[in-house]
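Below: entry_31.cif (mmCIF, C-alpha atoms and all ligand atoms)
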```cif
data_run
loop_
_atom_site.label_atom_id
_atom_site.label_comp_id
_atom_site.auth_asym_id
_atom_site.auth_seq_id
_atom_site.Cartn_x
_atom_site.Cartn_y
_atom_site.Cartn_z
CA THR K 6 0.00 0.00 0.00
CA ARG K 7 1.37 3.36 -0.97
CA GLY K 8 0.01 6.84 -0.83
CA ARG K 9 -3.21 8.01 0.66
CA GLY K 10 -5.91 5.46 0.21
CA VAL K 11 -4.45 4.14 -3.01
CA GLN K 12 -3.85 0.40 -2.98
CA ALA K 13 -1.38 -0.59 -5.62
CA ALA K 14 -0.62 -4.06 -6.87
CA ALA K 15 2.37 -4.53 -9.14
CA PHE K 16 3.18 -7.33 -11.55
CA GLN K 17 6.04 -7.82 -13.93
CA VAL K 18 6.04 -10.68 -16.38
CA ARG K 19 6.98 -11.61 -19.89
CA GLY K 20 3.96 -10.84 -22.02
CA SER K 21 2.93 -11.09 -25.58
CA GLY K 22 1.11 -8.31 -27.23
CA CYS K 23 -0.10 -7.06 -30.48
CA GLY K 24 -1.24 -3.49 -30.86
CA SER K 25 -2.10 -2.41 -27.34
CA GLU K 26 -3.70 -5.62 -25.99
CA THR K 27 -1.60 -7.99 -23.93
CA ASN K 28 -2.40 -11.25 -22.23
CA PHE K 29 -0.52 -12.82 -19.37
CA SER K 30 0.19 -16.52 -19.69
CA GLU K 31 -1.91 -19.08 -17.87
CA GLN K 32 0.92 -19.73 -15.40
CA VAL K 33 1.17 -16.06 -14.55
CA VAL K 34 -2.59 -15.77 -14.09
CA GLU K 35 -2.43 -18.72 -11.68
CA SER K 36 0.30 -16.94 -9.71
CA PHE K 37 -1.83 -13.82 -9.28
CA PRO K 38 -3.18 -13.31 -5.79
CA SER K 39 -6.49 -15.18 -5.96
CA ASP K 40 -8.13 -12.74 -3.55
CA ILE K 41 -8.12 -9.94 -6.15
CA PRO K 42 -11.80 -9.68 -7.05
CA THR K 43 -12.48 -10.14 -10.76
CA GLY K 44 -13.41 -6.97 -12.58
CA ILE K 45 -12.10 -4.04 -14.57
CA TYR K 46 -9.22 -2.00 -13.11
CA TYR K 47 -6.95 0.83 -14.24
CA GLY K 48 -3.34 1.74 -13.67
CA TRP K 49 0.02 2.12 -15.38
CA ALA K 50 1.87 -0.16 -17.78
CA CYS K 51 5.28 -0.26 -19.34
CA VAL K 52 6.74 -2.56 -22.00
CA GLY K 53 10.45 -3.31 -21.71
CA ASN K 54 12.33 -0.09 -20.93
CA GLY K 55 9.72 1.97 -22.71
CA ASP K 56 7.56 4.83 -21.48
CA VAL K 57 4.92 4.32 -18.82
CA HIS K 58 1.36 4.53 -20.24
CA LYS K 59 -2.14 4.53 -18.86
CA MET K 60 -3.90 1.17 -19.02
CA VAL K 61 -7.09 -0.69 -18.22
CA VAL K 62 -6.99 -4.34 -17.21
CA SER K 63 -9.73 -6.91 -17.16
CA ILE K 64 -9.31 -9.71 -14.62
CA GLY K 65 -11.77 -12.53 -14.90
CA TRP K 66 -13.74 -14.88 -17.03
CA ASN K 67 -14.96 -12.64 -19.88
CA PRO K 68 -18.59 -13.77 -19.56
CA PHE K 69 -19.33 -12.42 -23.04
CA TYR K 70 -16.90 -14.98 -24.49
CA LYS K 71 -17.77 -17.67 -21.92
CA ASN K 72 -14.14 -18.32 -21.06
CA ILE K 73 -13.36 -21.38 -18.99
CA LYS K 74 -10.00 -20.03 -17.84
CA LYS K 75 -9.48 -16.87 -15.86
CA SER K 76 -7.60 -14.28 -17.89
CA VAL K 77 -5.77 -11.06 -17.18
CA GLU K 78 -5.99 -8.80 -20.19
CA THR K 79 -4.16 -5.50 -20.23
CA HIS K 80 -5.20 -2.83 -22.69
CA ILE K 81 -2.49 -0.18 -22.84
CA ILE K 82 -3.86 3.24 -23.81
CA HIS K 83 -1.21 3.95 -26.39
CA THR K 84 -0.65 3.01 -30.00
CA PHE K 85 2.56 1.04 -30.39
CA LYS K 86 4.43 1.00 -33.67
CA GLU K 87 5.60 -2.57 -33.14
CA ASP K 88 4.35 -5.77 -31.54
CA PHE K 89 6.13 -6.84 -28.39
CA TYR K 90 6.36 -10.58 -28.07
CA GLY K 91 8.62 -11.75 -25.26
CA GLU K 92 9.07 -8.29 -23.75
CA ILE K 93 8.66 -7.68 -20.04
CA LEU K 94 5.28 -6.12 -19.33
CA SER K 95 5.11 -4.26 -16.04
CA ILE K 96 1.76 -3.16 -14.67
CA VAL K 97 0.72 -1.32 -11.55
CA ILE K 98 -2.99 -1.52 -10.74
CA THR K 99 -4.12 1.57 -8.86
CA GLY K 100 -7.91 1.52 -8.97
CA TYR K 101 -11.11 -0.38 -9.65
CA ILE K 102 -13.77 0.57 -12.21
CA ARG K 103 -16.54 -2.08 -12.22
CA PRO K 104 -17.34 -5.78 -12.03
CA GLU K 105 -17.32 -7.94 -15.16
CA LYS K 106 -20.63 -8.06 -16.98
CA ASN K 107 -22.27 -9.97 -19.75
CA PHE K 108 -23.48 -7.98 -22.77
CA ASP K 109 -26.22 -8.47 -25.34
CA SER K 110 -23.97 -7.58 -28.23
CA LEU K 111 -20.32 -7.09 -29.14
CA ASP K 112 -21.12 -3.41 -29.80
CA ALA K 113 -22.32 -3.01 -26.21
CA LEU K 114 -19.12 -4.65 -24.91
CA ILE K 115 -16.92 -2.42 -27.07
CA LEU K 116 -18.83 0.67 -25.89
CA ALA K 117 -18.35 -0.38 -22.25
CA ILE K 118 -14.59 -0.82 -22.85
CA GLN K 119 -14.43 2.66 -24.40
CA GLU K 120 -16.15 4.10 -21.33
CA ASP K 121 -13.70 2.22 -19.08
CA ILE K 122 -10.83 3.80 -21.00
CA GLU K 123 -12.28 7.30 -20.55
CA GLU K 124 -12.82 6.68 -16.82
CA ALA K 125 -9.24 5.38 -16.48
CA LYS K 126 -7.81 8.43 -18.26
CA ARG K 127 -9.67 10.78 -15.88
CA GLN K 128 -8.77 8.88 -12.71
CA LEU K 129 -5.12 8.46 -13.62
CA ASP K 130 -4.70 12.25 -13.96
CA LEU K 131 -5.44 12.64 -10.24
CA PRO K 132 -2.25 13.30 -8.21
CA GLU K 133 -2.55 10.15 -6.07
CA HIS K 134 -2.59 7.96 -9.18
CA LEU K 135 -0.20 10.10 -11.24
CA LYS K 136 2.57 9.71 -8.69
CA LEU K 137 2.66 5.91 -9.16
CA LYS K 138 3.63 6.51 -12.78
CA GLU K 139 7.05 7.61 -11.52
CA ASP K 140 7.48 4.57 -9.26
CA ASN K 141 10.91 2.90 -9.25
CA PHE K 142 9.14 -0.38 -9.94
CA PHE K 143 9.07 0.52 -13.63
CA HIS K 144 12.86 0.78 -13.75
CA LEU K 145 13.82 -2.47 -12.06
CA PRO K 146 16.63 -4.34 -13.79
CA GLU K 147 15.52 -7.60 -15.40
CA GLY K 148 17.24 -9.65 -12.70
CA LYS K 149 14.82 -8.31 -10.12
CA ILE K 150 11.63 -9.45 -11.76
CA VAL K 151 8.86 -10.10 -9.31
CA ASN K 152 6.14 -12.70 -9.80
CA ASN K 153 7.56 -14.14 -12.98
CA ARG K 154 7.04 -17.90 -12.95
C1 LIG Q 201 -11.23 -2.67 -20.21
C2 LIG Q 201 -11.83 -4.00 -20.53
C3 LIG Q 201 -13.08 -4.32 -20.02
C4 LIG Q 201 -13.66 -5.56 -20.30
N1 LIG Q 201 -14.89 -5.84 -19.77
C5 LIG Q 201 -15.47 -7.05 -20.04
C6 LIG Q 201 -16.76 -7.38 -19.50
O1 LIG Q 201 -17.36 -6.63 -18.72
N2 LIG Q 201 -17.30 -8.57 -19.85
C7 LIG Q 201 -16.65 -9.45 -20.70
O2 LIG Q 201 -17.20 -10.50 -20.97
N3 LIG Q 201 -15.43 -9.17 -21.19
C8 LIG Q 201 -14.83 -7.99 -20.89
N4 LIG Q 201 -13.58 -7.70 -21.39
C9 LIG Q 201 -12.85 -8.72 -22.17
C10 LIG Q 201 -13.28 -8.72 -23.61
O3 LIG Q 201 -14.21 -9.74 -23.71
C11 LIG Q 201 -12.08 -9.00 -24.49
O4 LIG Q 201 -11.09 -8.03 -24.25
C12 LIG Q 201 -12.43 -8.94 -25.93
O5 LIG Q 201 -11.35 -9.53 -26.61
C13 LIG Q 201 -12.62 -7.53 -26.44
O6 LIG Q 201 -13.04 -7.56 -27.77
P1 LIG Q 201 -12.65 -6.39 -28.77
O7 LIG Q 201 -11.16 -6.52 -28.96
O8 LIG Q 201 -13.45 -6.68 -29.96
O9 LIG Q 201 -13.01 -5.09 -28.11
C14 LIG Q 201 -12.99 -6.50 -21.12
C15 LIG Q 201 -11.73 -6.16 -21.64
C16 LIG Q 201 -11.14 -4.94 -21.37
C17 LIG Q 201 -9.78 -4.61 -21.93
#
```

Represent the structure of the file as structure tokens.
Ligand SMILES: Cc1cc2nc3c(=O)[nH]c(=O)nc-3n(C[C@H](O)[C@H](O)[C@H](O)COP(=O)(O)O)c2cc1C
Amino acid sequence: TRGRGVQAAAFQVRGSGCGSETNFSEQVVESFPSDIPTGIYYGWACVGNGDVHKMVVSIGWNPFYKNIKKSVETHIIHTFKEDFYGEILSIVITGYIRPEKNFDSLDALILAIQEDIEEAKRQLDLPEHLKLKEDNFFHLPEGKIVNNR
């Protein structure tokens, strides 16, 4: 716990991503603290030694797609020029948006994700969230990776 009332959880793992969506491997998802309630969160993300960007992350079962396996899907709010397979993805979760829901249509799901992104952008501009962007966690040398299994 850092800061005033802001609970932060930090994870650093090798990810694979295309565009701005990244998925953690099954093993990594299993190593996540199981007491984190499923739902949609926001925070900061960094790929390799790159810049730190705003992100939203969905932790759960994606009811719309009826997933059998729990997934942790990070959507980085930034357009990358290149894909980043095998890079280290570091994320710091700083806040919660909403529980996972089912939707009647893909359009409704996409609209909800867009609203999540807008909410994340607003929240992350607040000083208590902004200061976690500068956290040393994002500049750890590779040898100090936490939670990489
Ligand atoms: C911010 C965010 C919120 C999400 N919320 C839900 C949700 O409430 N219910 C659900 O079934 N899946 C949810 N998902 C997972 C989507 O089912 C999954 O990301 C899907 O691939 C998105 O499709 P799209 O790339 O066409 O937008 C969410 C994903 C993100 C990144």

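Relative to atom CA of Val34 of chain K, atom CA of Asn67 of chain K is found at 14.0 Å.
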
Step by step, gather every atom of ligand LIG 201 (chain Q) that the file lists, find the box along x, y and z that holds them, add 8 Å on each side, and finally give centre and edge lengths in Å to one decimal, as AutoDock Vina command-line options.
```
--center_x -13.6 --center_y -6.6 --center_z -24.3 --size_x 23.6 --size_y 23.8 --size_z 27.2
```

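With only C-alpha atoms and all ligand atoms as the atoms that count, the set of residues no farther than 7 Å from ligand LIG 201 (chain Q) is Ile45, Val61, Val62, Ser63, Trp66, Asn67, Pro68, Phe69, Tyr70, Glu78, Thr79, His80, Pro104, Glu105, Lys106, Asn107, Phe108, Leu111, Leu114, Ile115, Ala117, Ile118, Asp121 and Ile122 of chain K.
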
Quick one: residues within 9 Å of Glu124 of chain K, all atoms listed in the file, excluding same-chain residues fewer than 5 positions away - as a short mmCIF file (atom, residue, chain, number, x, y, z; two decimals) with C-alpha atoms, in the frame of the given file?
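Written output follows (out-v9.cif):
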```cif
data_model
loop_
_atom_site.label_atom_id
_atom_site.label_comp_id
_atom_site.auth_asym_id
_atom_site.auth_seq_id
_atom_site.Cartn_x
_atom_site.Cartn_y
_atom_site.Cartn_z
CA TYR K 47 -6.95 0.83 -14.24
CA ILE K 102 -13.77 0.57 -12.21
CA GLN K 119 -14.43 2.66 -24.40
CA LEU K 129 -5.12 8.46 -13.62
#
```

query = Quick one: of K:Gln128, K:His58, K:Phe29, K:Lys75, who's nearest to Glu92 of chain K, counting all atoms listed in the file?
reply =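 So, comparing all the options, the nearest one is K:Phe29.
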
inquiry  = I'd like the interatomic distance between atom CA of Gly100 of chain K and atom CA of Asn54 of chain K, to a tenth of an Å.
reply    = 23.6 Å

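Across the model, the gap from atom CA of Gly44 of chain K to atom CA of Ala113 of chain K is 16.8 Å.
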
List every residue of segment 96-151 of chain K that has an atom at most 10 Å from any atom of segment 82-86 of chain K, giving for each one its closest atom pair and the distance in Å to one decimal, counting all atoms listed in the file, sorted by chain and then by ascending residue number, as a Markdown table.
```
| residue | atom | partner | partner_atom | distance |
| --- | --- | --- | --- | --- |
| K:Ile122 | CA | K:Ile82 | CA | 7.5 |
| K:Glu123 | CA | K:Ile82 | CA | 9.9 |
| K:Ala125 | CA | K:Ile82 | CA | 9.3 |
| K:Lys126 | CA | K:Ile82 | CA | 8.6 |
```

query = Closest to Asp130 of chain K among K:Thr99, K:Thr27, K:Asn72, K:Ser39, using only C-alpha atoms?
reply =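 For Asp130 of chain K, the nearest of the candidates is K:Thr99.
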
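Minimum distance to Leu94 of chain K across K:Ser110, K:His134, K:Gly53, K:Leu116 (counting all atoms listed in the file) occurs at K:Gly53.
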
request  = Would you mind telling me which residue in K:Phe89, K:Glu31, K:Pro42, K:Ile96 lies nearest to Ile73 of chain K when using all atoms listed in the file?
outcome  = K:Glu31

inquiry  = Given only C-alpha atoms as the basis, pick out the residue of K:Ser30, K:Leu145, K:Trp49, K:Gly65 nearest to Arg103 of chain K.
reply    =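 Looking only at the distances to Arg103 of chain K, the closest residue turns out to be K:Gly65.
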
message = Using all atoms listed in the file for the distances, tell me which of K:Lys71, K:Cys51, K:Ile64, K:Tyr90 is nearest to Asn141 of chain K.
response =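 Once distances to Asn141 of chain K are computed over all atoms listed in the file, the minimum belongs to K:Cys51.
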